[in-house]
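J.: Take this structure, written in structure tokens, and hold onto it; I'll ask about it next.
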Amino acid sequence: MAAKKKKGGRKYGKKAQSKVEAAMHERKQGTLKSGRSGRKVKSKKQAIAIGLSEARRAGGKVPKKKGAKKRKGGKRKGSKRKKSS
């Protein structure tokens with residue numbers, strides 16, 4: 001039985017590409033600032049994240065953010081210790 005191939009396609013659209021490119025350019029010039037604190041962004045990863053979030057807000061084709069995974073069970077209990085008397 002032959003394995004099925006996934007259909008190709010672009011993960012990110014042109015708008016995402018241009019927004020990330022602009023954010024990286026600003027970072028290189030030292031003018032890119034983070035949203036909340038307003039501090040200068042120095043890392044490449046953070047600049048890319050800012051560009052992608054701007055593209056999302058502008059309605060570009062960008063995959064959803066990977067959020068924290070939720071657990072099915074309730075609260076997690078720590079290891080029980082034996083009391084020595």
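Letters A, B, ... mark the chains of the structure tokens in the order given; residue numbers begin at 1 per chain; ligand numbers begin at 1, in order shown.
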Fewer than 6 positions away in the same chain doesn't count, so skip those; otherwise give me all residues within 7 Å of Arg27 (chain A), counting only C-alpha atoms, as a ChimeraX atom specification.
T.: /A:41-42,47
J.: Please, which residues of chain A, numbered as in this document, come out helix (DSSP H, G or I) from DSSP, as a PyMOL selection string?
T.: chain A and resi 14-29+44-57
J.: What's around Ala22 (chain A) at 10 Å? Count only C-alpha atoms, leave out sequence neighbours fewer than 3 positions away in its own chain, and write the answer as a list in words.
T.: Ala16, Gln17, Ser18, Lys19, His25, Glu26, Arg27, Lys28, Leu32, Ala47, Ile48 and Gly51 of chain A
J.: Output C-alpha atoms for every residue in the selection just made, as an mmCIF file, in the first residue's frame.
T.:
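Generated file (part-v3.cif):
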```
data_model
loop_
_atom_site.group_PDB
_atom_site.id
_atom_site.type_symbol
_atom_site.label_atom_id
_atom_site.label_comp_id
_atom_site.auth_asym_id
_atom_site.auth_seq_id
_atom_site.Cartn_x
_atom_site.Cartn_y
_atom_site.Cartn_z
ATOM 1 C CA ALA A 16 3.733 37.585 6.284
ATOM 2 C CA GLN A 17 6.956 37.624 4.311
ATOM 3 C CA SER A 18 6.913 41.390 3.898
ATOM 4 C CA LYS A 19 6.016 42.039 7.562
ATOM 5 C CA HIS A 25 15.142 45.508 8.847
ATOM 6 C CA GLU A 26 13.987 47.609 11.806
ATOM 7 C CA ARG A 27 15.852 45.308 14.189
ATOM 8 C CA LYS A 28 19.064 45.732 12.204
ATOM 9 C CA LEU A 32 12.315 47.839 16.433
ATOM 10 C CA ALA A 47 11.817 40.159 15.535
ATOM 11 C CA ILE A 48 10.317 37.299 13.514
ATOM 12 C CA GLY A 51 6.552 40.398 12.179
#
```
J.: As a PyMOL selection string, please: the residues near Lys11 (chain A) (cut-off 12 Å, only C-alpha atoms, same-chain neighbours under 2 positions excluded).
T.: chain A and resi 7-9+13-17+52+60-64
J.: Deliver the residues from the most recent selection as a file, using N, CA and C atoms, as a compact mmCIF listing (two decimals), in the first residue's frame.
T.:
```txt
# COMPACT_ATOMS: atom_id res chain seq x y z
N LYS A 7 -0.46 17.25 0.39
CA LYS A 7 -0.47 18.26 -0.67
C LYS A 7 0.35 19.45 -0.22
N GLY A 8 1.16 19.95 -1.09
CA GLY A 8 2.02 21.08 -0.79
C GLY A 8 1.23 22.38 -0.75
N GLY A 9 1.90 23.40 -0.46
CA GLY A 9 1.27 24.71 -0.39
C GLY A 9 2.11 25.61 0.50
N GLY A 13 2.00 33.46 3.75
CA GLY A 13 1.67 34.25 2.57
C GLY A 13 2.68 35.37 2.32
N LYS A 14 2.43 36.12 1.27
CA LYS A 14 3.32 37.23 0.89
C LYS A 14 3.31 38.33 1.94
N LYS A 15 2.14 38.56 2.55
CA LYS A 15 2.03 39.62 3.55
C LYS A 15 2.89 39.29 4.76
N ALA A 16 2.91 38.01 5.16
CA ALA A 16 3.73 37.59 6.28
C ALA A 16 5.21 37.79 5.96
N GLN A 17 5.56 37.47 4.74
CA GLN A 17 6.96 37.62 4.31
C GLN A 17 7.39 39.08 4.39
N LEU A 52 5.39 38.28 12.43
CA LEU A 52 4.29 37.34 12.20
C LEU A 52 3.01 37.80 12.89
N GLY A 60 -2.99 38.37 7.11
CA GLY A 60 -2.14 37.56 6.22
C GLY A 60 -2.27 36.08 6.51
N LYS A 61 -1.75 35.28 5.61
CA LYS A 61 -1.80 33.82 5.78
C LYS A 61 -0.63 33.39 6.65
N VAL A 62 -0.94 33.13 7.92
CA VAL A 62 0.06 32.72 8.90
C VAL A 62 -0.54 31.60 9.73
N PRO A 63 0.20 30.51 9.99
CA PRO A 63 -0.35 29.44 10.84
C PRO A 63 -0.66 29.94 12.23
N LYS A 64 -1.58 29.24 12.91
CA LYS A 64 -1.96 29.62 14.27
C LYS A 64 -0.78 29.47 15.21
```
